[in-house]
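Okay, input_6.txt now, which holds compact mmCIF, C-alpha atoms:
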```txt
# COMPACT_ATOMS: atom_id res chain seq x y z
CA MET A 175 93.90 49.25 123.79
CA TYR A 176 95.94 52.41 124.18
CA GLN A 177 97.98 53.14 127.27
CA VAL A 178 98.28 56.24 129.44
CA GLY A 179 100.73 58.58 127.73
CA ASP A 180 100.03 57.31 124.21
CA LEU A 181 99.52 59.88 121.48
CA ILE A 182 96.64 59.07 119.15
CA VAL A 183 94.61 60.63 116.36
CA TYR A 184 91.04 61.01 117.58
CA GLY A 185 88.52 61.67 114.82
CA SER A 186 88.50 65.21 113.48
CA THR A 187 90.01 66.50 116.73
CA GLY A 188 93.49 65.44 115.68
CA VAL A 189 96.31 64.44 118.01
CA CYS A 190 95.36 63.71 121.61
CA LYS A 191 97.28 62.35 124.58
CA VAL A 192 95.74 59.56 126.65
CA LEU A 193 95.72 61.05 130.16
CA GLU A 194 93.98 58.20 131.95
CA ILE A 195 91.88 55.09 131.51
CA SER A 196 89.16 54.84 134.11
CA TYR A 197 85.52 54.53 135.09
CA PRO A 198 84.79 58.26 135.39
CA SER A 199 82.16 59.57 137.76
CA ILE A 200 80.69 62.09 135.35
CA SER A 201 76.97 62.54 134.87
CA HIS A 202 75.45 61.41 131.56
CA ILE A 203 78.01 58.68 130.86
CA ASP A 204 77.87 54.96 131.56
CA LYS A 205 79.70 54.43 134.84
CA ASN A 206 80.11 50.72 134.03
CA LYS A 207 82.23 51.40 130.95
CA LEU A 208 85.94 51.98 130.80
CA TYR A 209 86.84 55.33 129.22
CA TYR A 210 89.88 57.05 127.78
CA CYS A 211 90.42 60.56 129.06
CA LEU A 212 92.02 62.41 126.14
CA LYS A 213 93.70 65.80 126.06
CA PRO A 214 93.76 67.34 122.57
CA LEU A 215 97.21 68.81 121.90
CA TYR A 216 95.97 71.67 119.73
CA GLN A 217 92.58 72.43 121.25
CA ASN A 218 91.23 73.22 124.68
CA GLY A 219 89.23 70.77 126.72
CA THR A 220 89.19 67.13 127.66
CA ILE A 221 87.47 64.26 125.87
CA TYR A 222 86.03 61.16 127.50
CA THR A 223 85.40 58.32 125.09
CA PRO A 224 84.66 54.64 125.73
CA ILE A 225 87.67 52.45 125.00
CA ASP A 226 85.43 50.34 122.75
CA ASN A 227 84.20 53.39 120.81
CA THR A 228 83.44 52.44 117.21
CA LYS A 229 81.78 55.73 116.22
CA VAL A 230 84.88 57.94 116.35
CA PHE A 231 88.04 56.95 114.50
CA MET A 232 91.16 56.39 116.64
CA ARG A 233 94.67 55.33 115.66
CA PRO A 234 98.24 55.75 116.88
CA ILE A 235 100.11 58.73 115.43
CA LEU A 236 102.74 58.15 112.76
CA SER A 237 106.21 57.22 113.92
CA LYS A 238 109.07 59.55 113.01
CA GLU A 239 110.13 57.08 110.32
CA GLN A 240 106.62 56.94 108.87
CA ALA A 241 106.37 60.74 108.89
CA ASN A 242 109.67 61.11 107.04
CA SER A 243 108.69 58.41 104.57
CA LEU A 244 105.43 60.25 103.86
CA ILE A 245 107.32 63.51 103.27
CA ASP A 246 109.75 61.69 100.96
CA GLN A 247 106.79 60.55 98.82
CA ILE A 248 105.44 64.08 98.28
CA PRO A 249 107.51 64.96 95.18
CA HIS A 250 106.24 61.82 93.47
CA MET A 251 102.56 62.25 94.29
CA LYS A 252 100.33 63.00 91.33
CA VAL A 253 97.28 64.97 92.38
CA GLN A 254 94.54 66.72 90.50
CA ALA A 255 92.41 69.58 91.65
CA TYR A 256 88.77 68.65 92.12
CA HIS A 257 86.34 71.05 90.48
CA SER A 258 82.60 71.16 90.92
CA HIS A 259 80.08 73.96 90.74
CA VAL A 260 77.85 71.91 93.03
CA LEU A 261 78.83 72.88 96.54
CA SER A 262 77.57 69.62 98.08
CA ASP A 263 79.74 67.58 95.68
CA LEU A 264 82.81 69.65 96.52
CA THR A 265 82.14 69.34 100.24
CA ALA A 266 81.54 65.58 99.98
CA HIS A 267 84.79 65.09 98.05
CA TYR A 268 86.85 67.07 100.55
CA SER A 269 85.11 65.50 103.56
CA ALA A 270 85.86 62.01 102.27
CA ALA A 271 89.59 62.77 102.23
CA LEU A 272 89.48 64.29 105.72
CA ASN A 273 87.41 61.43 107.10
CA SER A 274 89.83 58.80 105.81
CA HIS A 275 92.18 59.90 108.63
CA ASN A 276 95.03 58.94 106.33
CA CYS A 277 97.97 61.32 106.18
CA LYS A 278 98.68 60.54 102.54
CA ASP A 279 95.10 61.54 101.71
CA LEU A 280 95.58 64.78 103.67
CA VAL A 281 98.77 65.54 101.71
CA ALA A 282 96.98 64.87 98.42
CA LEU A 283 94.01 67.00 99.45
CA THR A 284 96.24 69.88 100.52
CA MET A 285 98.32 69.68 97.34
CA SER A 286 95.27 69.53 95.07
CA ILE A 287 93.58 72.50 96.72
CA TYR A 288 96.86 74.43 96.70
CA ALA A 289 97.13 73.81 92.93
CA LYS A 290 93.58 75.07 92.58
CA GLN A 291 94.48 78.17 94.60
CA GLN A 292 97.51 78.87 92.40
CA ALA A 293 95.44 78.46 89.22
CA ALA A 294 92.81 80.86 90.56
CA ALA A 295 95.48 83.43 91.44
CA ALA A 296 97.07 83.13 87.98
CA GLN A 297 93.66 83.80 86.40
CA LYS A 298 93.00 86.60 88.88
CA LYS A 299 89.96 84.73 90.15
CA LYS A 300 88.71 84.50 93.69
CA PHE A 301 89.68 81.37 95.61
CA GLY A 302 86.62 79.59 96.98
CA SER A 303 85.84 79.74 100.68
CA VAL A 304 85.00 76.02 100.77
CA ASP A 305 88.36 75.21 99.19
CA GLU A 306 90.10 77.49 101.70
CA LYS A 307 88.26 75.93 104.65
CA TYR A 308 89.14 72.37 103.70
CA MET A 309 92.75 73.17 102.84
CA ARG A 310 93.25 74.79 106.25
CA ARG A 311 91.56 71.86 108.00
CA ALA A 312 93.68 69.29 106.15
CA GLU A 313 96.86 71.25 106.90
CA ASP A 314 95.87 71.60 110.53
CA LEU A 315 95.35 67.85 110.98
CA LEU A 316 98.41 66.89 108.93
CA PHE A 317 100.81 69.44 110.41
CA GLY A 318 99.61 68.66 113.92
CA GLU A 319 100.40 64.98 113.55
CA LEU A 320 103.69 65.53 111.73
CA ALA A 321 104.81 68.02 114.38
CA VAL A 322 104.29 65.50 117.16
CA SER A 323 105.83 62.63 115.16
CA LEU A 324 108.88 64.69 114.21
CA GLN A 325 109.11 66.41 117.61
CA ILE A 326 109.02 69.91 116.14
CA SER A 327 106.56 72.77 116.45
CA LYS A 328 103.50 72.78 114.26
CA GLY A 329 104.63 76.07 112.72
CA ASP A 330 107.94 74.50 111.67
CA VAL A 331 106.35 71.64 109.72
CA PRO A 332 106.08 73.41 106.31
CA ARG A 333 109.74 74.48 106.50
CA TYR A 334 110.80 70.95 107.58
CA ILE A 335 108.93 69.44 104.62
CA ALA A 336 110.45 71.92 102.16
CA GLU A 337 113.97 71.40 103.51
CA ARG A 338 113.71 67.61 103.48
CA ILE A 339 112.38 67.56 99.93
CA SER A 340 115.08 70.02 98.83
CA THR A 341 117.86 68.07 100.52
CA ASN A 342 116.65 64.79 99.02
CA SER A 343 116.45 66.26 95.51
CA GLU A 344 119.90 67.90 95.82
CA ASN A 345 121.44 64.64 96.97
CA GLY A 346 119.66 62.69 94.29
CA SER A 347 118.29 60.50 97.04
CA PRO A 348 115.82 57.92 95.82
CA VAL A 349 112.57 58.48 97.60
```

Final structure tokens representation of the file:
Amino acid sequence: MYQVGDLIVYGSTGVCKVLEISYPSISHIDKNKLYYCLKPLYQNGTIYTPIDNTKVFMRPILSKEQANSLIDQIPHMKVQAYHSHVLSDLTAHYSAALNSHNCKDLVALTMSIYAKQQAAAAQKKKFGSVDEKYMRRAEDLLFGELAVSLQISKGDVPRYIAERISTNSENGSPV
């Protein structure tokens, strides 16, 4: 069970703060169940979800050490762009990575779609809107969690990643 003040990943919403744990008096919800009241950090609104919710994925955010370890693995990750002319296959592939709620999967997804984007640009081809949509979504979820874990702004995450990778490679640091 999470505690008030905990930061968690809540489904596709991303990072949320547990504001309270209570039996809310809100219509249309079971008043005999204990609920988390969650405040998304990067969206408006409030979410009430039963503490025993099994339908929506919840987990603690990465620690700072875990976030840095993930970033240190990036130069060694081997990813391949996924190509399909069948839109439903492409969507299913990308959705599976997003729905794993695993940061390493989000990095791999972002890197693979970025490689696809670069290849399209080199061939002077249009980058697909589905690819664009899923790359932005993966970056949004990943950068949101890393920002909170590393205690930096979401906009500073790409620069932080680049600088850490550069510093590690210049120092010959084993990753």

| Skipping near chain neighbours, those fewer than 4 positions away, what residues fall within 12 Å of A:Gly318 using all atoms listed in the file, listed as number ranges by chain? | A: 181-183, 186-190, 214-217, 235-236, 241, 277, 280, 310-314, 322-332

| task | Using all atoms listed in the file, find the one residue out of A:Val230, A:Val178, A:Ala296, A:Met251 that sits nearest to A:Leu212. | result | A:Val178

| task | Choose the residue, out of A:Ile221, A:Met309, A:Ile195, A:Ala282, that has the smallest atom-to-atom separation from A:His250; count only C-alpha atoms. | result | A:Ala282

| field | Atomic separation - atom CA of A:Phe231 relative to atom CA of A:Leu264, Å | value |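 Between these atoms lies a distance of 22.6 Å.
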
| Could you name the residues that touch A:Val281 at 12 Å or less, counting all atoms listed in the file, but leaving out those on the same chain fewer than 3 positions away, as an MDAnalysis selection string? | chainID A and resid 241 244:253 271:272 274:278 284:288 308:317 319:320 332 335

A:His259 surroundings by only C-alpha atoms, 12 Å radius, close-in-sequence under 4 positions cut, as a PDB file with C-alpha atoms, in the coordinates of the input:
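Generated file (result_2.pdb):
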```
ATOM      1  CA  ASP A 263      79.740  67.580  95.680  1.00  0.00           C
ATOM      2  CA  LEU A 264      82.810  69.650  96.520  1.00  0.00           C
ATOM      3  CA  THR A 265      82.140  69.340 100.240  1.00  0.00           C
ATOM      4  CA  GLY A 302      86.620  79.590  96.980  1.00  0.00           C
ATOM      5  CA  VAL A 304      85.000  76.020 100.770  1.00  0.00           C
ATOM      6  CA  ASP A 305      88.360  75.210  99.190  1.00  0.00           C
TER       7      ASP A 305
END
```

| request: Please tell me which residues are no farther than 10 Å from (112.6, 67.2, 100.7) in the file, counting only C-alpha atoms, and write them as a list of chain:residue names. | output: A:Asn242, A:Ile245, A:Asp246, A:Gln247, A:Ile248, A:Pro249, A:Arg333, A:Tyr334, A:Ile335, A:Ala336, A:Glu337, A:Arg338, A:Ile339, A:Ser340, A:Thr341, A:Asn342, A:Ser343, A:Glu344, A:Asn345, A:Ser347, A:Val349

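Taking atom CA of A:Lys191 as the reference point, atom CA of A:Asn273 is found at 20.1 Å.
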
| field | stretch 196-206 of chain A surroundings by all atoms listed in the file, 10 Å radius, close-in-sequence under 6 positions cut, as a list in words | value |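 Near neighbours after the sequence-gap exclusion: Tyr222, Thr223, Pro224 and Ile225 of chain A.
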
| query | So, counting only C-alpha atoms, which residue among A:Gln240, A:Ala255, A:Lys207, A:Gln177 is closest to A:Glu194? | reply |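 Ranking A:Gln240, A:Ala255, A:Lys207, A:Gln177 by distance to A:Glu194, first place goes to A:Gln177.
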
| request: Quick one: pull the distance between atom CA of A:His267 and atom CA of A:Lys298, Å, one decimal. | output: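 Straight-line distance from atom CA of A:His267 to atom CA of A:Lys298 works out to 24.8 Å.
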
For stretch 263-269 of chain A, what centre and edge lengths in Å (one decimal) does the axis-aligned box get once 6 Å is added on each side of all its listed atoms, as lines of an AutoDock Vina configuration file?
```
center_x = 83.3
center_y = 67.4
center_z = 99.6
size_x = 19.1
size_y = 16.6
size_z = 19.9
```

| message | Counting all atoms listed in the file, which residue out of A:Tyr256, A:Leu261, A:Ala270, A:Ala321 sits closest to A:Gln291? | response | A:Tyr256

| Restricting the calculation to all atoms listed in the file, which member of A:Leu208, A:Ala289, A:Leu283, A:Val192 is positioned closest to A:Asp226? |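 When distances to A:Asp226 are compared using all atoms listed in the file, the smallest one comes from A:Leu208.
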
From the coordinates I just gave you, please extract stretch 193-208 of chain A so that only N, CA and C atoms remain, then output it as a compact mmCIF listing (two decimals), in the first residue's frame.
```txt
# COMPACT_ATOMS: atom_id res chain seq x y z
N LEU A 193 -2.27 12.02 -2.65
CA LEU A 193 -2.67 13.15 -1.80
C LEU A 193 -3.32 12.68 -0.51
N GLU A 194 -4.14 11.64 -0.63
CA GLU A 194 -4.80 11.11 0.57
C GLU A 194 -5.26 9.69 0.32
N ILE A 195 -5.55 9.01 1.41
CA ILE A 195 -6.12 7.66 1.37
C ILE A 195 -7.33 7.74 2.26
N SER A 196 -8.51 7.50 1.66
CA SER A 196 -9.74 7.72 2.42
C SER A 196 -10.92 6.97 1.82
N TYR A 197 -12.04 7.10 2.51
CA TYR A 197 -13.34 6.63 2.02
C TYR A 197 -14.07 7.87 1.51
N PRO A 198 -13.88 8.23 0.24
CA PRO A 198 -14.45 9.49 -0.25
C PRO A 198 -15.97 9.46 -0.33
N SER A 199 -16.55 10.61 -0.13
CA SER A 199 -18.01 10.72 -0.24
C SER A 199 -18.34 11.37 -1.60
N ILE A 200 -18.06 10.61 -2.64
CA ILE A 200 -18.31 11.05 -4.00
C ILE A 200 -19.33 10.10 -4.62
N SER A 201 -20.30 10.68 -5.32
CA SER A 201 -21.32 9.82 -5.94
C SER A 201 -20.67 8.92 -6.98
N HIS A 202 -21.27 7.78 -7.20
CA HIS A 202 -20.87 6.78 -8.19
C HIS A 202 -19.63 5.97 -7.81
N ILE A 203 -19.15 6.07 -6.58
CA ILE A 203 -18.07 5.19 -6.16
C ILE A 203 -18.46 4.50 -4.87
N ASP A 204 -17.90 3.34 -4.66
CA ASP A 204 -18.21 2.51 -3.49
C ASP A 204 -17.68 3.18 -2.23
N LYS A 205 -18.60 3.61 -1.38
CA LYS A 205 -18.22 4.33 -0.16
C LYS A 205 -17.65 3.40 0.92
N ASN A 206 -17.68 2.09 0.67
CA ASN A 206 -17.13 1.12 1.61
C ASN A 206 -15.71 0.69 1.24
N LYS A 207 -15.18 1.27 0.18
CA LYS A 207 -13.83 0.94 -0.26
C LYS A 207 -12.88 2.09 0.05
N LEU A 208 -11.66 1.72 0.37
CA LEU A 208 -10.60 2.68 0.60
C LEU A 208 -10.01 3.08 -0.74
```
